[in-house]
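Here is entry-v1.pdb, consisting of PDB, C-alpha atoms:
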```pdb
MODEL        1
ATOM      1  CA  MET C   2      18.667 -43.389  72.870
ATOM      2  CA  PRO C   3      19.077 -39.589  73.077
ATOM      3  CA  ARG C   4      20.170 -37.655  70.029
ATOM      4  CA  VAL C   5      23.844 -36.933  69.500
ATOM      5  CA  GLN C   6      25.462 -33.756  68.160
ATOM      6  CA  ARG C   7      28.936 -33.483  66.666
ATOM      7  CA  GLU C   8      30.542 -30.272  65.486
ATOM      8  CA  ALA C   9      33.465 -29.202  63.358
ATOM      9  CA  SER C  10      34.684 -25.729  62.468
ATOM     10  CA  VAL C  11      36.513 -24.161  59.563
ATOM     11  CA  THR C  12      38.310 -20.891  58.966
ATOM     12  CA  TRP C  13      38.707 -19.810  55.349
ATOM     13  CA  GLU C  14      40.762 -16.874  54.076
ATOM     14  CA  GLY C  15      40.702 -15.370  50.601
ATOM     15  CA  ASN C  16      39.125 -16.365  47.316
ATOM     16  CA  VAL C  17      38.616 -19.934  46.165
ATOM     17  CA  ALA C  18      41.525 -20.205  43.730
ATOM     18  CA  ARG C  19      44.321 -18.864  45.918
ATOM     19  CA  GLY C  20      42.797 -18.906  49.391
ATOM     20  CA  SER C  21      43.072 -21.657  51.961
ATOM     21  CA  GLY C  22      41.246 -23.017  54.971
ATOM     22  CA  SER C  23      41.780 -24.899  58.183
ATOM     23  CA  ILE C  24      39.519 -27.626  59.677
ATOM     24  CA  SER C  25      39.117 -28.574  63.363
ATOM     25  CA  ALA C  26      36.992 -31.143  65.199
ATOM     26  CA  ALA C  27      35.169 -30.267  68.416
ATOM     27  CA  SER C  28      36.232 -33.577  69.996
ATOM     28  CA  GLY C  29      39.856 -32.535  69.615
ATOM     29  CA  ALA C  30      40.622 -35.671  67.568
ATOM     30  CA  PHE C  31      42.054 -33.475  64.816
ATOM     31  CA  GLU C  32      42.881 -29.800  64.652
ATOM     32  CA  SER C  33      43.844 -27.134  62.112
ATOM     33  CA  LEU C  34      43.997 -29.446  59.085
ATOM     34  CA  PRO C  35      44.832 -27.233  56.087
ATOM     35  CA  TYR C  36      43.018 -27.521  52.747
ATOM     36  CA  SER C  37      42.730 -25.671  49.445
ATOM     37  CA  LEU C  38      41.084 -25.946  46.032
ATOM     38  CA  ALA C  39      44.268 -27.048  44.247
ATOM     39  CA  THR C  40      44.903 -29.910  46.680
ATOM     40  CA  ARG C  41      41.208 -30.855  46.656
ATOM     41  CA  ILE C  42      40.926 -31.424  42.919
ATOM     42  CA  ASP C  43      44.555 -32.188  42.021
ATOM     43  CA  ARG C  44      47.394 -33.845  43.959
ATOM     44  CA  PRO C  45      46.652 -33.763  47.702
ATOM     45  CA  ASP C  46      50.225 -32.860  48.783
ATOM     46  CA  GLY C  47      49.509 -33.983  52.333
ATOM     47  CA  LYS C  48      46.305 -31.939  52.624
ATOM     48  CA  THR C  49      42.881 -33.373  53.358
ATOM     49  CA  SER C  50      39.660 -32.369  51.567
ATOM     50  CA  PRO C  51      35.893 -32.499  52.106
ATOM     51  CA  GLU C  52      35.741 -35.687  50.028
ATOM     52  CA  GLU C  53      38.511 -37.351  52.035
ATOM     53  CA  LEU C  54      36.712 -36.504  55.289
ATOM     54  CA  LEU C  55      33.534 -37.943  53.797
ATOM     55  CA  ALA C  56      35.437 -41.121  52.828
ATOM     56  CA  ALA C  57      36.705 -41.428  56.422
ATOM     57  CA  ALA C  58      33.171 -40.901  57.744
ATOM     58  CA  HIS C  59      31.778 -43.504  55.347
ATOM     59  CA  ALA C  60      34.427 -46.142  56.118
ATOM     60  CA  ALA C  61      33.946 -45.673  59.873
ATOM     61  CA  CYS C  62      30.139 -45.666  59.621
ATOM     62  CA  TYR C  63      30.100 -48.757  57.417
ATOM     63  CA  ALA C  64      32.589 -50.682  59.602
ATOM     64  CA  MET C  65      30.344 -50.151  62.639
ATOM     65  CA  SER C  66      27.266 -51.158  60.678
ATOM     66  CA  LEU C  67      28.894 -54.331  59.317
ATOM     67  CA  ALA C  68      30.169 -55.281  62.799
ATOM     68  CA  ASN C  69      26.610 -54.898  64.053
ATOM     69  CA  GLU C  70      25.080 -56.970  61.228
ATOM     70  CA  LEU C  71      27.537 -59.820  61.721
ATOM     71  CA  ALA C  72      27.341 -59.841  65.524
ATOM     72  CA  SER C  73      23.556 -59.740  65.553
ATOM     73  CA  SER C  74      23.475 -62.857  63.359
ATOM     74  CA  GLY C  75      25.754 -64.589  65.859
ATOM     75  CA  LYS C  76      28.967 -64.161  63.826
ATOM     76  CA  GLU C  77      31.048 -61.694  65.732
ATOM     77  CA  PRO C  78      33.858 -60.446  63.497
ATOM     78  CA  GLU C  79      37.439 -60.847  64.662
ATOM     79  CA  HIS C  80      38.637 -58.183  62.307
ATOM     80  CA  LEU C  81      37.207 -55.958  59.564
ATOM     81  CA  ASP C  82      39.142 -53.857  57.066
ATOM     82  CA  VAL C  83      36.998 -51.253  55.342
ATOM     83  CA  ARG C  84      38.139 -48.919  52.603
ATOM     84  CA  ALA C  85      35.939 -46.115  51.237
ATOM     85  CA  THR C  86      36.823 -44.204  48.077
ATOM     86  CA  VAL C  87      34.844 -41.049  47.324
ATOM     87  CA  THR C  88      34.953 -39.701  43.768
ATOM     88  CA  LEU C  89      34.463 -36.034  42.915
ATOM     89  CA  ASP C  90      33.884 -35.356  39.227
ATOM     90  CA  GLU C  91      33.228 -32.417  36.999
ATOM     91  CA  VAL C  92      29.732 -32.526  35.540
ATOM     92  CA  GLU C  93      27.987 -30.599  32.787
ATOM     93  CA  GLY C  94      28.299 -26.867  33.270
ATOM     94  CA  GLY C  95      31.703 -27.173  34.928
ATOM     95  CA  SER C  96      30.479 -27.710  38.483
ATOM     96  CA  HIS C  97      31.717 -30.550  40.684
ATOM     97  CA  ARG C  98      29.627 -33.403  42.060
ATOM     98  CA  ILE C  99      30.322 -36.327  44.346
ATOM     99  CA  VAL C 100      29.429 -39.143  41.975
ATOM    100  CA  ALA C 101      30.374 -42.269  43.929
ATOM    101  CA  SER C 102      31.453 -43.804  47.203
ATOM    102  CA  GLU C 103      32.976 -47.242  46.791
ATOM    103  CA  LEU C 104      33.170 -49.520  49.836
ATOM    104  CA  LEU C 105      35.554 -52.453  50.001
ATOM    105  CA  ALA C 106      35.395 -54.692  53.073
ATOM    106  CA  ARG C 107      37.639 -57.600  54.082
ATOM    107  CA  ALA C 108      36.334 -59.636  56.972
ATOM    108  CA  ARG C 109      37.882 -62.226  59.270
ATOM    109  CA  VAL C 110      34.953 -64.055  60.810
ATOM    110  CA  ASN C 111      34.906 -67.605  62.141
ATOM    111  CA  GLU C 112      32.559 -70.040  60.410
ATOM    112  CA  LEU C 113      31.076 -67.553  57.985
ATOM    113  CA  ASP C 114      30.545 -68.407  54.318
ATOM    114  CA  GLY C 115      30.627 -66.105  51.302
ATOM    115  CA  PRO C 116      26.885 -65.773  50.711
ATOM    116  CA  ALA C 117      26.237 -64.964  54.395
ATOM    117  CA  LEU C 118      28.928 -62.277  54.236
ATOM    118  CA  GLN C 119      27.338 -60.796  51.099
ATOM    119  CA  ARG C 120      23.955 -60.615  52.825
ATOM    120  CA  ALA C 121      25.495 -58.938  55.866
ATOM    121  CA  ALA C 122      27.487 -56.550  53.654
ATOM    122  CA  GLU C 123      24.358 -55.392  51.792
ATOM    123  CA  ALA C 124      22.327 -55.060  54.977
ATOM    124  CA  ALA C 125      25.195 -53.095  56.568
ATOM    125  CA  SER C 126      25.079 -50.523  53.778
ATOM    126  CA  GLU C 127      21.348 -50.085  54.258
ATOM    127  CA  GLY C 128      21.923 -49.767  57.988
ATOM    128  CA  CYS C 129      24.703 -47.183  57.703
ATOM    129  CA  THR C 130      23.123 -43.731  57.846
ATOM    130  CA  LEU C 131      25.702 -42.205  55.489
ATOM    131  CA  SER C 132      25.260 -44.902  52.811
ATOM    132  CA  ALA C 133      21.537 -44.228  52.751
ATOM    133  CA  LEU C 134      22.081 -40.460  52.392
ATOM    134  CA  VAL C 135      24.776 -40.618  49.729
ATOM    135  CA  ALA C 136      22.904 -43.276  47.728
ATOM    136  CA  ALA C 137      20.139 -40.738  47.063
ATOM    137  CA  SER C 138      22.428 -38.704  44.790
ATOM    138  CA  ALA C 139      25.510 -40.827  44.019
ATOM    139  CA  GLN C 140      26.516 -44.413  43.414
ATOM    140  CA  VAL C 141      27.252 -46.468  46.539
ATOM    141  CA  ASN C 142      28.890 -49.823  45.789
ATOM    142  CA  VAL C 143      29.797 -52.485  48.320
ATOM    143  CA  GLN C 144      32.234 -55.320  47.781
ATOM    144  CA  ALA C 145      33.011 -57.760  50.573
ATOM    145  CA  THR C 146      35.493 -60.623  50.760
ATOM    146  CA  LEU C 147      36.388 -63.118  53.444
ATOM    147  CA  GLU C 148      39.951 -63.004  54.673
ATOM    148  CA  GLY C 149      41.827 -66.261  54.423
ATOM    149  CA  GLY C 150      40.799 -67.665  51.064
ATOM    150  CA  THR C 151      37.085 -68.010  50.417
ATOM    151  CA  ASN C 152      35.939 -65.284  48.123
ATOM    152  CA  GLY C 153      32.788 -63.449  49.083
ATOM    153  CA  ASP C 154      31.135 -64.120  45.729
TER     154      ASP C 154
ATOM    155  CA  MET S  11      38.757 -34.840  35.694
ATOM    156  CA  ALA S  12      37.668 -37.155  38.480
ATOM    157  CA  THR S  13      39.403 -37.030  41.856
ATOM    158  CA  ASP S  14      39.437 -39.997  44.249
ATOM    159  CA  ARG S  15      40.003 -39.741  47.993
ATOM    160  CA  LYS S  16      40.268 -42.899  50.056
ATOM    161  CA  ALA S  17      40.132 -43.763  53.743
ATOM    162  CA  GLU S  18      40.912 -47.057  55.487
ATOM    163  CA  VAL S  19      39.365 -48.285  58.706
ATOM    164  CA  THR S  20      39.927 -51.428  60.787
ATOM    165  CA  TRP S  21      37.385 -52.741  63.257
ATOM    166  CA  HIS S  22      37.624 -55.435  65.923
ATOM    167  CA  SER S  23      34.775 -57.427  67.460
ATOM    168  CA  ASP S  24      31.113 -56.424  67.731
ATOM    169  CA  LEU S  25      29.530 -52.965  67.637
ATOM    170  CA  MET S  26      28.847 -52.322  71.309
ATOM    171  CA  SER S  27      32.091 -53.532  72.892
ATOM    172  CA  GLY S  28      34.423 -53.440  69.875
ATOM    173  CA  SER S  29      36.494 -50.591  68.559
ATOM    174  CA  GLY S  30      37.921 -49.272  65.329
ATOM    175  CA  ARG S  31      40.560 -47.001  63.935
ATOM    176  CA  ILE S  32      40.773 -44.752  60.890
ATOM    177  CA  ASP S  33      44.237 -45.962  59.891
ATOM    178  CA  SER S  34      45.044 -43.841  56.898
ATOM    179  CA  VAL S  35      43.728 -41.497  54.212
ATOM    180  CA  THR S  36      44.991 -40.710  50.698
ATOM    181  CA  SER S  37      46.630 -37.418  51.638
ATOM    182  CA  GLY S  38      48.220 -38.657  54.870
ATOM    183  CA  ALA S  39      46.814 -35.527  56.579
ATOM    184  CA  PHE S  40      45.511 -37.644  59.476
ATOM    185  CA  GLY S  41      45.575 -41.268  60.588
ATOM    186  CA  GLY S  42      45.386 -43.453  63.661
ATOM    187  CA  LEU S  43      42.081 -41.912  64.771
ATOM    188  CA  ASP S  44      40.166 -44.201  67.136
ATOM    189  CA  VAL S  45      36.396 -44.644  66.909
ATOM    190  CA  SER S  46      33.865 -46.598  68.982
ATOM    191  CA  TRP S  47      30.094 -46.802  69.426
ATOM    192  CA  PRO S  48      30.122 -45.348  72.977
ATOM    193  CA  ALA S  49      32.329 -42.432  71.833
ATOM    194  CA  ARG S  50      30.018 -41.923  68.842
ATOM    195  CA  THR S  51      26.789 -41.837  70.840
ATOM    196  CA  GLU S  52      27.807 -40.679  74.327
ATOM    197  CA  GLU S  53      30.712 -38.481  75.424
ATOM    198  CA  PRO S  54      33.334 -38.326  72.652
ATOM    199  CA  GLY S  55      36.278 -38.432  75.071
ATOM    200  CA  GLY S  56      38.638 -37.022  72.451
ATOM    201  CA  LYS S  57      37.507 -39.491  69.755
ATOM    202  CA  THR S  58      36.102 -38.533  66.391
ATOM    203  CA  SER S  59      33.021 -40.166  64.806
ATOM    204  CA  PRO S  60      31.370 -40.465  61.391
ATOM    205  CA  GLU S  61      29.112 -37.529  62.293
ATOM    206  CA  GLU S  62      32.033 -35.311  63.300
ATOM    207  CA  LEU S  63      33.838 -36.164  60.052
ATOM    208  CA  ILE S  64      30.662 -35.335  58.105
ATOM    209  CA  ALA S  65      30.512 -32.000  59.970
ATOM    210  CA  ALA S  66      34.138 -31.340  58.964
ATOM    211  CA  ALA S  67      33.434 -32.340  55.341
ATOM    212  CA  HIS S  68      30.362 -30.123  55.115
ATOM    213  CA  ALA S  69      31.859 -27.058  56.837
ATOM    214  CA  SER S  70      34.973 -27.217  54.640
ATOM    215  CA  CYS S  71      33.025 -27.746  51.423
ATOM    216  CA  PHE S  72      30.546 -24.964  52.214
ATOM    217  CA  SER S  73      33.327 -22.477  53.076
ATOM    218  CA  MET S  74      35.088 -23.063  49.780
ATOM    219  CA  ALA S  75      31.894 -22.694  47.722
ATOM    220  CA  PHE S  76      30.924 -19.580  49.695
ATOM    221  CA  SER S  77      34.297 -17.894  49.071
ATOM    222  CA  HIS S  78      33.771 -18.584  45.372
ATOM    223  CA  GLY S  79      30.254 -17.136  45.427
ATOM    224  CA  LEU S  80      31.408 -13.983  47.251
ATOM    225  CA  ALA S  81      34.305 -13.450  44.844
ATOM    226  CA  GLN S  82      31.864 -13.721  41.947
ATOM    227  CA  GLU S  83      29.949 -10.838  43.544
ATOM    228  CA  GLY S  84      33.228  -8.923  43.463
ATOM    229  CA  HIS S  85      34.122  -9.331  47.144
ATOM    230  CA  ALA S  86      36.536 -12.100  48.089
ATOM    231  CA  PRO S  87      36.282 -12.679  51.842
ATOM    232  CA  GLU S  88      39.088 -11.741  54.205
ATOM    233  CA  GLU S  89      37.883 -14.471  56.508
ATOM    234  CA  LEU S  90      34.965 -16.907  56.862
ATOM    235  CA  LYS S  91      34.420 -18.806  60.093
ATOM    236  CA  THR S  92      32.053 -21.739  59.582
ATOM    237  CA  SER S  93      30.770 -24.441  61.894
ATOM    238  CA  ALA S  94      28.645 -27.457  61.041
ATOM    239  CA  THR S  95      26.727 -29.372  63.694
ATOM    240  CA  VAL S  96      25.448 -32.810  62.718
ATOM    241  CA  THR S  97      22.601 -34.355  64.717
ATOM    242  CA  PHE S  98      22.499 -38.139  64.851
ATOM    243  CA  GLN S  99      19.576 -40.078  66.233
ATOM    244  CA  PRO S 100      20.692 -43.688  66.812
ATOM    245  CA  GLY S 101      18.216 -46.043  65.203
ATOM    246  CA  GLU S 102      17.023 -43.319  62.853
ATOM    247  CA  GLY S 103      20.089 -41.712  61.297
ATOM    248  CA  ILE S 104      21.302 -38.199  60.637
ATOM    249  CA  THR S 105      18.329 -35.904  61.142
ATOM    250  CA  LYS S 106      19.846 -32.421  60.882
ATOM    251  CA  ILE S 107      22.883 -30.390  59.861
ATOM    252  CA  ALA S 108      23.177 -26.795  61.088
ATOM    253  CA  LEU S 109      25.640 -24.537  59.253
ATOM    254  CA  GLU S 110      26.704 -21.256  60.850
ATOM    255  CA  VAL S 111      28.988 -18.767  59.191
ATOM    256  CA  VAL S 112      30.424 -15.427  60.251
ATOM    257  CA  GLY S 113      32.273 -13.499  57.540
ATOM    258  CA  ARG S 114      34.604 -10.548  57.287
ATOM    259  CA  VAL S 115      34.076  -9.251  53.752
ATOM    260  CA  PRO S 116      35.092  -5.659  52.949
ATOM    261  CA  GLY S 117      32.477  -3.715  50.968
ATOM    262  CA  MET S 118      29.807  -6.417  51.200
ATOM    263  CA  ASP S 119      26.204  -5.754  52.256
ATOM    264  CA  GLU S 120      24.259  -8.127  54.507
ATOM    265  CA  GLY S 121      21.612  -9.043  51.918
ATOM    266  CA  THR S 122      24.079 -10.070  49.215
ATOM    267  CA  PHE S 123      26.131 -11.941  51.811
ATOM    268  CA  LYS S 124      23.134 -13.981  52.952
ATOM    269  CA  GLN S 125      22.091 -14.676  49.374
ATOM    270  CA  ALA S 126      25.570 -15.934  48.447
ATOM    271  CA  ALA S 127      25.570 -18.106  51.595
ATOM    272  CA  GLU S 128      22.273 -19.710  50.538
ATOM    273  CA  GLY S 129      23.743 -20.332  47.087
ATOM    274  CA  ALA S 130      26.784 -22.080  48.579
ATOM    275  CA  LYS S 131      24.561 -24.192  50.822
ATOM    276  CA  GLU S 132      22.662 -25.394  47.736
ATOM    277  CA  SER S 133      25.588 -25.872  45.387
ATOM    278  CA  CYS S 134      28.553 -27.294  47.299
ATOM    279  CA  PRO S 135      29.216 -30.962  46.429
ATOM    280  CA  VAL S 136      28.830 -32.197  50.022
ATOM    281  CA  SER S 137      25.458 -30.393  50.328
ATOM    282  CA  LYS S 138      24.330 -32.142  47.144
ATOM    283  CA  ALA S 139      25.554 -35.527  48.382
ATOM    284  CA  LEU S 140      23.701 -35.005  51.685
ATOM    285  CA  ALA S 141      20.605 -33.390  50.171
ATOM    286  CA  SER S 142      18.360 -36.088  51.639
ATOM    287  CA  VAL S 143      19.171 -35.094  55.233
ATOM    288  CA  PRO S 144      15.711 -34.061  56.536
ATOM    289  CA  GLU S 145      16.814 -30.611  57.751
ATOM    290  CA  ILE S 146      19.794 -28.476  56.727
ATOM    291  CA  THR S 147      19.762 -24.987  58.267
ATOM    292  CA  LEU S 148      21.975 -21.972  57.644
ATOM    293  CA  SER S 149      22.735 -18.889  59.692
ATOM    294  CA  ALA S 150      24.948 -16.270  58.017
ATOM    295  CA  ARG S 151      26.195 -13.056  59.604
ATOM    296  CA  LEU S 152      28.602 -10.317  58.584
ATOM    297  CA  GLU S 153      31.125  -9.259  61.183
ATOM    298  CA  GLY S 154      31.640  -5.605  62.082
TER     299      GLY S 154
ENDMDL
END
```
This entry written out as structure tokens:
Amino acid sequence: MPRVQREASVTWEGNVARGSGSISAASGAFESLPYSLATRIDRPDGKTSPEELLAAAHAACYAMSLANELASSGKEPEHLDVRATVTLDEVEGGSHRIVASELLARARVNELDGPALQRAAEAASEGCTLSALVAASAQVNVQATLEGGTNGD
Amino acid sequence: MATDRKAEVTWHSDLMSGSGRIDSVTSGAFGGLDVSWPARTEEPGGKTSPEELIAAAHASCFSMAFSHGLAQEGHAPEELKTSATVTFQPGEGITKIALEVVGRVPGMDEGTFKQAAEGAKESCPVSKALASVPEITLSARLEG
């Protein structure tokens, strides 16, 4: 399969404390999303942030990977809910680091048991390109449960 | 103080013929964005993808760190225009991110500008989180 390129652009004005920026996607899927330091590290007030965009990327990447894992073992999912939470924390020296991305998946899949879901959920994280990258420097945790009663554990 | 940002995605059916949607994010800044494997790996057709969102995360993080670095040199930027291009090789993963920035910074010389850009590329949190991408390139240019 040929390689794929995706682009986004940002305009930033002013210094970091009082300045602000605007984020657009080349696909046109989103445009001129405002962001700032205050809304990145404090209350979002309706503004996105690099970490939120990374969370969206991770949830979407992982959902595709889990769908692929399940379908290739003959258990096509009816429905997957994936939530990714990215944590930015202050580390020694006052700088900020992305310390974790937590994945929570709920799956509705016919005739699938908990242990099989756990295996697919782990394999899906290994198969998701973003999980593999983030796991090199931060904690990536995956928790998966079956919808409709049976717990994934 | 730790800050959490969350995103929620639903997916239906298998990878190749199924489809998903980024339903909501913590801030509410966007939602209802459709994603699919064909749109991710062929023509986007107006749909975003994990790689495009990573490009947006990296470009926005870099710009903020760069404005901080420039201000520390005594020259807050009037304007920085940054793009990030993420290269995805299906079956292999993300192989490259190319950052390009053009800045309008009164009183700044080219050498200091480039040096501060390199610093931001190394230090911004998204760069650190994606440090294992095989190739991250940077092109920085002063306008005017």
Given the file above and the ChimeraX specification (/C :<6) & /S, which residues are selected, and can you give them as a PyMOL selection string? chain S and resi 12-25+37-39+51+56-58+60-67+70-71+74+77-78+86-99+103+135+139-140+142
When you draw a straight line from atom CA of S:Met26 to atom CA of S:Trp47, how long is it in Å?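 These two atoms are separated by 6.0 Å.
Between atom CA of S:Pro116 and atom CA of S:Lys138 the separation is 29.2 Å.
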Would you please work out which residue, of C:Gly94, C:Glu123, C:Ser132, C:Gln144, is nearest to S:Ile104 when using only C-alpha atoms?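 Among the listed residues, the smallest separation from S:Ile104 belongs to C:Ser132.
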In Å, with one decimal, what is the gap from atom CA of S:Ala126 to atom CA of S:Gln82?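 For atom CA of S:Ala126 relative to atom CA of S:Gln82, the distance reads 9.3 Å.
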For stretch 119-121 of chain S, please output as number ranges by chain all residues within 10 Å (counting only C-alpha atoms; exclusion window: fewer than 6 positions along the same chain). S: 127, 150-153
In terms of all atoms listed in the file, the residue from S:Glu52, S:Glu102, S:Glu110, S:Glu83 at minimal distance from S:Thr147 is S:Glu110
Can you tell me, as a ChimeraX atom specification, what residues are no more than 9 Å from S:Ser149 when counting all atoms listed in the file, ignoring any on the same chain fewer than 3 positions away? /S:108-112,124,127
Export of the given selection (C-alpha atoms) as a compact mmCIF listing (two decimals), in the frame of the given file:
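Final file, result-v2.txt:
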```
# COMPACT_ATOMS: atom_id res chain seq x y z
CA ALA S 108 23.18 -26.80 61.09
CA LEU S 109 25.64 -24.54 59.25
CA GLU S 110 26.70 -21.26 60.85
CA VAL S 111 28.99 -18.77 59.19
CA VAL S 112 30.42 -15.43 60.25
CA LYS S 124 23.13 -13.98 52.95
CA ALA S 127 25.57 -18.11 51.60
```
